[in-house]
>>> print(open('target13.csv').read())   # CSV, C-alpha atoms
chain,number,residue,atom,x,y,z
X,1,ASP,CA,129.9,-17.5,-37.3
X,2,THR,CA,129.8,-20.1,-34.6
X,3,ALA,CA,131.7,-23.2,-35.6
X,4,VAL,CA,129.6,-25.7,-33.7
X,5,SER,CA,126.1,-24.5,-32.8
X,6,GLN,CA,123.5,-26.5,-30.9
X,7,THR,CA,119.9,-25.7,-30.1
X,8,PRO,CA,118.3,-25.2,-27.7
X,9,LYS,CA,120.6,-23.8,-25.1
X,10,TYR,CA,118.2,-24.7,-22.3
X,11,LEU,CA,115.6,-27.4,-22.3
X,12,VAL,CA,113.2,-27.9,-19.3
X,13,THR,CA,110.7,-30.7,-19.7
X,14,GLN,CA,108.8,-33.3,-17.7
X,15,MET,CA,109.5,-36.9,-17.2
X,16,GLY,CA,108.1,-39.1,-19.9
X,17,ASN,CA,108.3,-36.5,-22.6
X,18,ASP,CA,110.3,-36.8,-25.9
X,19,LYS,CA,112.7,-34.1,-26.9
X,20,SER,CA,115.4,-33.4,-29.5
X,21,ILE,CA,118.6,-31.4,-29.6
X,22,LYS,CA,120.1,-30.2,-32.8
X,23,CYS,CA,123.7,-29.6,-33.8
X,24,GLU,CA,125.3,-28.1,-36.8
X,25,GLN,CA,129.0,-27.5,-37.7
X,26,ASN,CA,130.4,-25.2,-40.4
X,27,LEU,CA,134.0,-26.4,-40.1
X,28,GLY,CA,133.8,-28.9,-42.9
X,29,HIS,CA,134.6,-31.7,-40.4
X,30,ASP,CA,133.7,-35.3,-41.2
X,31,THR,CA,133.2,-36.5,-37.6
X,32,MET,CA,130.7,-35.4,-35.0
X,33,TYR,CA,130.0,-36.4,-31.5
X,34,TRP,CA,127.6,-36.2,-28.6
X,35,TYR,CA,129.1,-35.9,-25.1
X,36,LYS,CA,127.2,-35.8,-21.8
X,37,GLN,CA,128.5,-33.7,-18.8
X,38,ASP,CA,126.9,-34.5,-15.5
X,39,SER,CA,126.6,-32.3,-12.4
X,40,LYS,CA,130.1,-33.3,-11.3
X,41,LYS,CA,131.5,-32.1,-14.7
X,42,PHE,CA,132.4,-35.6,-15.9
X,43,LEU,CA,132.5,-35.6,-19.7
X,44,LYS,CA,131.6,-38.8,-21.3
X,45,ILE,CA,131.2,-39.7,-24.9
X,46,MET,CA,127.8,-41.0,-26.1
X,47,PHE,CA,128.0,-41.3,-29.8
X,48,SER,CA,130.3,-40.6,-32.8
X,49,TYR,CA,129.4,-40.3,-36.4
X,50,ASN,CA,131.8,-40.2,-39.4
X,51,ASN,CA,130.3,-39.0,-42.6
X,52,LYS,CA,126.7,-39.9,-41.5
X,53,GLU,CA,127.8,-43.4,-40.3
X,54,LEU,CA,127.7,-44.3,-36.6
X,55,ILE,CA,131.1,-45.4,-35.4
X,56,ILE,CA,130.9,-45.1,-31.7
X,57,ASN,CA,127.9,-46.1,-29.6
X,58,GLU,CA,128.8,-46.2,-25.9
X,59,THR,CA,126.6,-47.8,-23.4
X,60,VAL,CA,123.7,-45.5,-23.8
X,61,PRO,CA,120.0,-46.4,-23.2
X,62,ASN,CA,118.0,-47.1,-26.3
X,63,ARG,CA,115.9,-44.1,-25.5
X,64,PHE,CA,118.7,-42.0,-27.0
X,65,SER,CA,118.8,-42.0,-30.7
X,66,PRO,CA,121.2,-39.9,-32.8
X,67,LYS,CA,120.5,-39.0,-36.4
X,68,SER,CA,122.9,-37.5,-38.9
X,69,PRO,CA,121.1,-36.3,-42.0
X,70,ASP,CA,124.4,-35.1,-43.5
X,71,LYS,CA,127.9,-34.7,-42.3
X,72,ALA,CA,127.3,-31.1,-41.0
X,73,HIS,CA,124.4,-32.1,-38.8
X,74,LEU,CA,124.0,-34.4,-35.9
X,75,ASN,CA,120.8,-34.5,-33.9
X,76,LEU,CA,120.0,-36.3,-30.6
X,77,HIS,CA,116.5,-37.5,-29.9
X,78,ILE,CA,115.6,-38.7,-26.4
X,79,ASN,CA,112.4,-40.7,-25.7
X,80,SER,CA,110.6,-41.1,-22.4
X,81,LEU,CA,112.9,-38.7,-20.5
X,82,GLU,CA,113.9,-39.6,-17.0
X,83,LEU,CA,115.2,-37.5,-14.1
X,84,GLY,CA,118.7,-39.0,-14.5
X,85,ASP,CA,118.9,-37.6,-18.1
X,86,SER,CA,119.3,-34.1,-16.6
X,87,ALA,CA,122.8,-33.0,-17.7
X,88,VAL,CA,124.5,-30.7,-20.2
X,89,TYR,CA,124.8,-32.3,-23.6
X,90,PHE,CA,127.7,-31.2,-25.8
X,91,CYS,CA,128.0,-31.6,-29.6
X,92,ALA,CA,131.5,-31.6,-31.0
X,93,SER,CA,133.3,-32.2,-34.3
X,94,SER,CA,136.7,-33.1,-35.4
X,95,GLN,CA,138.6,-33.2,-38.7
X,96,VAL,CA,139.4,-36.8,-39.1
X,97,PRO,CA,137.6,-40.0,-38.0
X,98,GLY,CA,138.1,-40.6,-34.3
X,99,THR,CA,140.0,-38.2,-32.0
X,100,TYR,CA,143.2,-40.1,-31.7
X,101,ASN,CA,145.2,-37.2,-33.0
X,102,SER,CA,142.7,-34.5,-33.8
X,103,PRO,CA,141.3,-31.7,-31.6
X,104,LEU,CA,137.6,-31.6,-30.8
X,105,HIS,CA,135.6,-28.4,-31.4
X,106,PHE,CA,132.7,-28.2,-28.9
X,107,GLY,CA,129.4,-26.4,-29.1
X,108,ASN,CA,128.3,-24.4,-26.0
X,109,GLY,CA,126.0,-27.1,-24.7
X,110,THR,CA,122.3,-27.8,-24.1
X,111,ARG,CA,121.4,-27.8,-20.5
X,112,LEU,CA,118.6,-30.4,-20.1
X,113,THR,CA,116.5,-30.4,-16.9
X,114,VAL,CA,113.9,-33.1,-16.4
X,115,THR,CA,111.3,-32.4,-13.7
D,116,GLY,CA,139.8,-49.5,-21.6
D,117,GLU,CA,141.5,-46.1,-21.2
D,118,ASN,CA,141.5,-44.5,-17.8
D,119,VAL,CA,142.8,-41.1,-16.9
D,120,GLU,CA,143.1,-39.6,-13.4
D,121,GLN,CA,143.4,-35.9,-12.9
D,122,HIS,CA,144.6,-34.0,-9.8
D,123,PRO,CA,143.8,-31.8,-8.0
D,124,SER,CA,140.1,-31.5,-8.3
D,125,THR,CA,140.2,-27.9,-7.2
D,126,LEU,CA,143.1,-25.4,-7.1
D,127,SER,CA,143.1,-21.9,-5.7
D,128,VAL,CA,146.0,-19.6,-6.4
D,129,GLN,CA,146.8,-15.9,-6.1
D,130,GLU,CA,147.2,-13.8,-9.2
D,131,GLY,CA,150.7,-14.1,-10.5
D,132,ASP,CA,151.4,-17.5,-9.0
D,133,SER,CA,151.9,-20.7,-11.1
D,134,ALA,CA,149.4,-23.5,-11.3
D,135,VAL,CA,150.1,-27.2,-12.1
D,136,ILE,CA,147.6,-29.8,-13.0
D,137,LYS,CA,148.6,-33.5,-13.4
D,138,CYS,CA,147.0,-36.4,-15.2
D,139,THR,CA,148.1,-40.0,-15.1
D,140,TYR,CA,146.9,-42.8,-17.4
D,141,SER,CA,147.2,-46.5,-17.9
D,142,ASP,CA,146.9,-47.1,-21.7
D,143,SER,CA,150.5,-47.1,-23.1
D,144,ALA,CA,149.2,-47.0,-26.7
D,145,SER,CA,147.9,-43.4,-26.2
D,146,ASN,CA,149.8,-40.9,-28.3
D,147,TYR,CA,147.7,-37.7,-28.1
D,148,PHE,CA,147.4,-35.6,-24.9
D,149,PRO,CA,145.3,-32.4,-25.2
D,150,TRP,CA,144.2,-30.0,-22.5
D,151,TYR,CA,140.8,-28.2,-22.6
D,152,LYS,CA,139.6,-25.1,-20.7
D,153,GLN,CA,135.9,-24.8,-20.0
D,154,GLU,CA,134.5,-21.4,-18.9
D,155,LEU,CA,131.1,-21.0,-17.3
D,156,GLY,CA,128.3,-21.7,-19.7
D,157,LYS,CA,130.5,-22.7,-22.6
D,158,GLY,CA,131.9,-25.8,-24.1
D,159,PRO,CA,135.4,-27.0,-23.5
D,160,GLN,CA,138.0,-25.3,-25.7
D,161,LEU,CA,141.4,-26.8,-26.7
D,162,ILE,CA,144.3,-24.7,-25.2
D,163,ILE,CA,147.3,-26.9,-25.9
D,164,ASP,CA,148.1,-30.4,-27.0
D,165,ILE,CA,151.1,-32.6,-27.2
D,166,ARG,CA,151.9,-35.8,-29.1
D,167,SER,CA,154.0,-38.6,-27.8
D,168,ASN,CA,157.1,-37.8,-29.8
D,169,VAL,CA,157.5,-34.6,-27.8
D,170,GLY,CA,158.3,-34.2,-24.2
D,171,GLU,CA,157.3,-30.6,-23.7
D,172,LYS,CA,155.4,-27.9,-25.5
D,173,LYS,CA,155.0,-24.2,-24.6
D,174,ASP,CA,152.6,-21.5,-25.7
D,175,GLN,CA,153.1,-18.2,-24.0
D,176,ARG,CA,152.0,-18.7,-20.3
D,177,ILE,CA,150.9,-22.3,-20.7
D,178,ALA,CA,153.0,-25.4,-21.2
D,179,VAL,CA,152.5,-29.2,-21.2
D,180,THR,CA,155.0,-31.8,-20.2
D,181,LEU,CA,154.8,-35.5,-21.0
D,182,ASN,CA,156.5,-38.4,-19.3
D,183,LYS,CA,155.5,-41.5,-21.3
D,184,THR,CA,157.6,-43.8,-19.2
D,185,ALA,CA,155.8,-42.8,-16.0
D,186,LYS,CA,152.5,-42.3,-17.9
D,187,HIS,CA,151.7,-38.8,-16.8
D,188,PHE,CA,151.4,-35.4,-18.3
D,189,SER,CA,150.9,-32.0,-16.7
D,190,LEU,CA,149.6,-28.6,-17.5
D,191,HIS,CA,151.6,-25.6,-16.3
D,192,ILE,CA,150.2,-22.1,-16.2
D,193,THR,CA,152.6,-19.3,-15.2
D,194,GLU,CA,151.8,-15.8,-14.1
D,195,THR,CA,148.1,-16.7,-13.6
D,196,GLN,CA,145.4,-14.1,-14.2
D,197,PRO,CA,141.8,-14.0,-13.0
D,198,GLU,CA,140.6,-14.8,-16.5
D,199,ASP,CA,142.5,-18.2,-16.2
D,200,SER,CA,139.7,-19.2,-13.7
D,201,ALA,CA,137.9,-22.1,-15.3
D,202,VAL,CA,137.6,-25.9,-15.3
D,203,TYR,CA,140.5,-27.6,-17.0
D,204,PHE,CA,140.3,-31.1,-18.5
D,205,CYS,CA,143.1,-33.3,-19.6
D,206,ALA,CA,142.3,-35.9,-22.2
D,207,LEU,CA,143.8,-39.0,-23.7
D,208,GLY,CA,143.7,-39.8,-27.4
D,209,GLY,CA,142.5,-43.4,-27.6
D,210,PHE,CA,141.0,-45.5,-30.4
D,211,GLN,CA,138.4,-43.3,-32.1
D,212,LYS,CA,137.6,-41.2,-29.1
D,213,LEU,CA,139.0,-38.9,-26.5
D,214,VAL,CA,138.7,-39.9,-22.9
D,215,PHE,CA,138.6,-37.0,-20.5
D,216,GLY,CA,140.0,-36.5,-17.0
D,217,THR,CA,137.7,-35.6,-14.2
D,218,GLY,CA,138.5,-31.9,-14.4
D,219,THR,CA,140.2,-29.3,-12.2
D,220,ARG,CA,138.5,-26.2,-11.1
D,221,LEU,CA,141.1,-23.4,-11.0
D,222,LEU,CA,140.3,-20.2,-9.1
D,223,VAL,CA,142.7,-17.3,-9.5
D,224,SER,CA,142.2,-14.6,-6.9
D,225,PRO,CA,143.2,-11.0,-7.6
>>> encode(input="target13.csv", output="structure tokens")
Amino acid sequence: DTAVSQTPKYLVTQMGNDKSIKCEQNLGHDTMYWYKQDSKKFLKIMFSYNNKELIINETVPNRFSPKSPDKAHLNLHINSLELGDSAVYFCASSQVPGTYNSPLHFGNGTRLTVT
Amino acid sequence: GENVEQHPSTLSVQEGDSAVIKCTYSDSASNYFPWYKQELGKGPQLIIDIRSNVGEKKDQRIAVTLNKTAKHFSLHITETQPEDSAVYFCALGGFQKLVFGTGTRLLVSP
């Protein structure tokens, strides 16, 4: 009954590989996000989608490409992985476009380790 | 853009003591101030939030106070328990996104 679920929980891969992380929410929310948390615990937004439309794209390398097949799913594909991509990636959702006034519901994260 | 500073970065208290975490911000247009708790291996979870038309909000042992003039807001936890040990984040409701503080690691010793 997990509200926001993401897979896999752990991902260990070598530099140069391409990998994907999947996210699904069953809350009926219209907006979904990807956040990156580095080793110092800083949480930074990467992307935001509202009803399958990209509405926020922070300064993220082109190697990162989000895809939203429907409003309940938001996937993240990463090409040519680099050591600096190692982090925990969190998917989140909220009820209304943007988070100006609306709580975020987070998944439990995907710990990506690039060797 | 929005900027939010959070202090302290770590906080150790004895069980039963109170804990206070403070965040200051610069964007006067912000109107939504949530607090999140992140336990080990999990995603951040909303514990309390406040909007700018309210100066204080309380939910059992936790409370948030907001001073819009001085641009700071604080999380207060009373009668701390070991299960309160976690990383706490303040956040600022800006245009289309939340901006998070740098986090406070709270350790409550029995």
>>> closest_atom_pairs(input="target13.csv", of="segment 164-224 of chain D", to="segment 34-53 of chain X", cutoff="9 Å", atoms="all atoms listed in the file", output="tab-separated table")
residue	atom	partner	partner_atom	distance
D:Val202	CA	X:Lys41	CA	8.7
D:Gln211	CA	X:Ser48	CA	8.6
D:Lys212	CA	X:Ile45	CA	7.8
D:Leu213	CA	X:Ile45	CA	8.0
D:Val214	CA	X:Lys44	CA	7.4
D:Phe215	CA	X:Leu43	CA	6.3
D:Gly216	CA	X:Phe42	CA	7.7
D:Thr217	CA	X:Phe42	CA	5.6
D:Gly218	CA	X:Lys41	CA	7.0
>>> interface_residues(input="target13.csv", of="chain X", to="chain D", cutoff="10 Å", atoms="all atoms listed in the file", output="PyMOL selection string")
chain X and resi 4+9+33+40-45+47-48+55-56+88-92+96-111
>>> residues_around(input="target13.csv", residues="segment 182-196 of chain D", least_positions_apart="6", cutoff="6 Å", atoms="all atoms listed in the file", output="PyMOL selection string")
chain D and resi 130-140+176
>>> atom_distance(input="target13.csv", atom1="atom CA of Ser86 of chain X", atom2="atom CA of Cys205 of chain D")
24.0 Å
>>> atom_distance(input="target13.csv", atom1="atom CA of Asp199 of chain D", atom2="atom CA of Leu126 of chain D")
11.6 Å
>>> atom_distance(input="target13.csv", atom1="atom CA of Asn75 of chain X", atom2="atom CA of Glu58 of chain X")
16.3 Å
>>> residues_near_point(input="target13.csv", point="(142.8, -19.5, -9.4)", cutoff="7 Å", atoms="only C-alpha atoms", output="list in words")
Leu126, Ser127, Val128, Gln129, Pro197, Asp199, Ser200, Leu221, Leu222, Val223 and Ser224 of chain D
>>> closest_residue(input="target13.csv", among="D:Ser167, D:Ser124, D:Asp174, D:Ala201", to="Ala144 of chain D", atoms="only C-alpha atoms")
D:Ser167
>>> closest_residue(input="target13.csv", among="X:Ser68, X:Ser80, X:Gln95, X:Thr7", to="Leu27 of chain X", atoms="all atoms listed in the file")
X:Gln95
>>> residues_around(input="target13.csv", residues="Ile78 of chain X", least_positions_apart="2", cutoff="6 Å", atoms="all atoms listed in the file", output="count of residues only")
4
>>> build_atoms(input="target13.csv", residues="segment 8-19 of chain X", atoms="all heavy atoms", output="PDB file, keeping the file's coordinate frame")
ATOM      1  N   PRO X   8     118.249 -26.443 -28.452  1.00  0.00           N
ATOM      2  CA  PRO X   8     118.300 -25.200 -27.700  1.00  0.00           C
ATOM      3  C   PRO X   8     119.405 -25.097 -26.731  1.00  0.00           C
ATOM      4  O   PRO X   8     120.061 -26.097 -26.496  1.00  0.00           O
ATOM      5  CB  PRO X   8     116.914 -25.185 -27.029  1.00  0.00           C
ATOM      6  CG  PRO X   8     116.691 -26.633 -26.735  1.00  0.00           C
ATOM      7  CD  PRO X   8     117.269 -27.387 -27.896  1.00  0.00           C
ATOM      8  N   LYS X   9     119.610 -23.955 -26.130  1.00  0.00           N
ATOM      9  CA  LYS X   9     120.600 -23.800 -25.100  1.00  0.00           C
ATOM     10  C   LYS X   9     120.124 -24.364 -23.768  1.00  0.00           C
ATOM     11  O   LYS X   9     120.870 -24.929 -22.982  1.00  0.00           O
ATOM     12  CB  LYS X   9     121.047 -22.353 -24.944  1.00  0.00           C
ATOM     13  CG  LYS X   9     122.239 -22.144 -24.015  1.00  0.00           C
ATOM     14  CD  LYS X   9     122.773 -20.741 -24.127  1.00  0.00           C
ATOM     15  CE  LYS X   9     123.884 -20.502 -23.110  1.00  0.00           C
ATOM     16  NZ  LYS X   9     125.047 -21.383 -23.338  1.00  0.00           N
ATOM     17  N   TYR X  10     118.844 -24.154 -23.527  1.00  0.00           N
ATOM     18  CA  TYR X  10     118.200 -24.700 -22.300  1.00  0.00           C
ATOM     19  C   TYR X  10     116.962 -25.461 -22.718  1.00  0.00           C
ATOM     20  O   TYR X  10     116.241 -25.064 -23.634  1.00  0.00           O
ATOM     21  CB  TYR X  10     117.804 -23.541 -21.374  1.00  0.00           C
ATOM     22  CG  TYR X  10     118.950 -22.697 -20.900  1.00  0.00           C
ATOM     23  CD1 TYR X  10     119.231 -21.468 -21.504  1.00  0.00           C
ATOM     24  CD2 TYR X  10     119.763 -23.109 -19.854  1.00  0.00           C
ATOM     25  CE1 TYR X  10     120.295 -20.693 -21.074  1.00  0.00           C
ATOM     26  CE2 TYR X  10     120.824 -22.332 -19.418  1.00  0.00           C
ATOM     27  CZ  TYR X  10     121.091 -21.129 -20.033  1.00  0.00           C
ATOM     28  OH  TYR X  10     122.140 -20.361 -19.607  1.00  0.00           O
ATOM     29  N   LEU X  11     116.722 -26.544 -21.987  1.00  0.00           N
ATOM     30  CA  LEU X  11     115.600 -27.400 -22.300  1.00  0.00           C
ATOM     31  C   LEU X  11     115.033 -27.898 -20.942  1.00  0.00           C
ATOM     32  O   LEU X  11     115.729 -28.632 -20.246  1.00  0.00           O
ATOM     33  CB  LEU X  11     115.965 -28.529 -23.186  1.00  0.00           C
ATOM     34  CG  LEU X  11     114.906 -29.456 -23.759  1.00  0.00           C
ATOM     35  CD1 LEU X  11     113.780 -28.683 -24.427  1.00  0.00           C
ATOM     36  CD2 LEU X  11     115.552 -30.416 -24.755  1.00  0.00           C
ATOM     37  N   VAL X  12     113.842 -27.469 -20.572  1.00  0.00           N
ATOM     38  CA  VAL X  12     113.200 -27.900 -19.300  1.00  0.00           C
ATOM     39  C   VAL X  12     111.954 -28.682 -19.736  1.00  0.00           C
ATOM     40  O   VAL X  12     111.114 -28.162 -20.479  1.00  0.00           O
ATOM     41  CB  VAL X  12     112.849 -26.741 -18.410  1.00  0.00           C
ATOM     42  CG1 VAL X  12     112.222 -27.265 -17.126  1.00  0.00           C
ATOM     43  CG2 VAL X  12     114.085 -25.901 -18.112  1.00  0.00           C
ATOM     44  N   THR X  13     111.820 -29.895 -19.232  1.00  0.00           N
ATOM     45  CA  THR X  13     110.700 -30.700 -19.700  1.00  0.00           C
ATOM     46  C   THR X  13     110.338 -31.700 -18.544  1.00  0.00           C
ATOM     47  O   THR X  13     111.092 -31.880 -17.581  1.00  0.00           O
ATOM     48  CB  THR X  13     111.070 -31.484 -20.949  1.00  0.00           C
ATOM     49  OG1 THR X  13     109.909 -32.150 -21.449  1.00  0.00           O
ATOM     50  CG2 THR X  13     112.176 -32.507 -20.689  1.00  0.00           C
ATOM     51  N   GLN X  14     109.209 -32.330 -18.691  1.00  0.00           N
ATOM     52  CA  GLN X  14     108.800 -33.300 -17.700  1.00  0.00           C
ATOM     53  C   GLN X  14     109.135 -34.686 -18.019  1.00  0.00           C
ATOM     54  O   GLN X  14     109.342 -35.038 -19.198  1.00  0.00           O
ATOM     55  CB  GLN X  14     107.231 -33.138 -17.515  1.00  0.00           C
ATOM     56  CG  GLN X  14     106.807 -31.826 -16.894  1.00  0.00           C
ATOM     57  CD  GLN X  14     105.304 -31.789 -16.646  1.00  0.00           C
ATOM     58  OE1 GLN X  14     104.520 -32.351 -17.398  1.00  0.00           O
ATOM     59  NE2 GLN X  14     104.897 -31.120 -15.576  1.00  0.00           N
ATOM     60  N   MET X  15     109.200 -35.496 -17.006  1.00  0.00           N
ATOM     61  CA  MET X  15     109.500 -36.900 -17.200  1.00  0.00           C
ATOM     62  C   MET X  15     108.477 -37.531 -18.155  1.00  0.00           C
ATOM     63  O   MET X  15     107.302 -37.180 -18.159  1.00  0.00           O
ATOM     64  CB  MET X  15     109.318 -37.653 -15.842  1.00  0.00           C
ATOM     65  CG  MET X  15     110.475 -37.504 -14.898  1.00  0.00           C
ATOM     66  SD  MET X  15     110.119 -38.259 -13.290  1.00  0.00           S
ATOM     67  CE  MET X  15     109.714 -39.926 -13.763  1.00  0.00           C
ATOM     68  N   GLY X  16     108.987 -38.429 -18.987  1.00  0.00           N
ATOM     69  CA  GLY X  16     108.100 -39.100 -19.900  1.00  0.00           C
ATOM     70  C   GLY X  16     108.018 -38.478 -21.289  1.00  0.00           C
ATOM     71  O   GLY X  16     107.585 -39.117 -22.245  1.00  0.00           O
ATOM     72  N   ASN X  17     108.405 -37.196 -21.354  1.00  0.00           N
ATOM     73  CA  ASN X  17     108.300 -36.500 -22.600  1.00  0.00           C
ATOM     74  C   ASN X  17     109.447 -36.952 -23.578  1.00  0.00           C
ATOM     75  O   ASN X  17     110.436 -37.562 -23.169  1.00  0.00           O
ATOM     76  CB  ASN X  17     108.427 -34.991 -22.443  1.00  0.00           C
ATOM     77  CG  ASN X  17     107.139 -34.404 -21.900  1.00  0.00           C
ATOM     78  OD1 ASN X  17     106.102 -35.082 -21.878  1.00  0.00           O
ATOM     79  ND2 ASN X  17     107.193 -33.169 -21.460  1.00  0.00           N
ATOM     80  N   ASP X  18     109.270 -36.605 -24.871  1.00  0.00           N
ATOM     81  CA  ASP X  18     110.300 -36.800 -25.900  1.00  0.00           C
ATOM     82  C   ASP X  18     110.817 -35.488 -26.358  1.00  0.00           C
ATOM     83  O   ASP X  18     110.035 -34.572 -26.615  1.00  0.00           O
ATOM     84  CB  ASP X  18     109.701 -37.568 -27.102  1.00  0.00           C
ATOM     85  CG  ASP X  18     109.034 -38.879 -26.747  1.00  0.00           C
ATOM     86  OD1 ASP X  18     109.358 -39.441 -25.689  1.00  0.00           O
ATOM     87  OD2 ASP X  18     108.179 -39.343 -27.539  1.00  0.00           O
ATOM     88  N   LYS X  19     112.142 -35.367 -26.480  1.00  0.00           N
ATOM     89  CA  LYS X  19     112.700 -34.100 -26.900  1.00  0.00           C
ATOM     90  C   LYS X  19     113.892 -34.329 -27.842  1.00  0.00           C
ATOM     91  O   LYS X  19     114.495 -35.407 -27.851  1.00  0.00           O
ATOM     92  CB  LYS X  19     113.213 -33.290 -25.691  1.00  0.00           C
ATOM     93  CG  LYS X  19     112.113 -32.745 -24.799  1.00  0.00           C
ATOM     94  CD  LYS X  19     111.296 -31.681 -25.530  1.00  0.00           C
ATOM     95  CE  LYS X  19     110.156 -31.172 -24.660  1.00  0.00           C
ATOM     96  NZ  LYS X  19     109.279 -30.247 -25.398  1.00  0.00           N
TER      97      LYS X  19
END
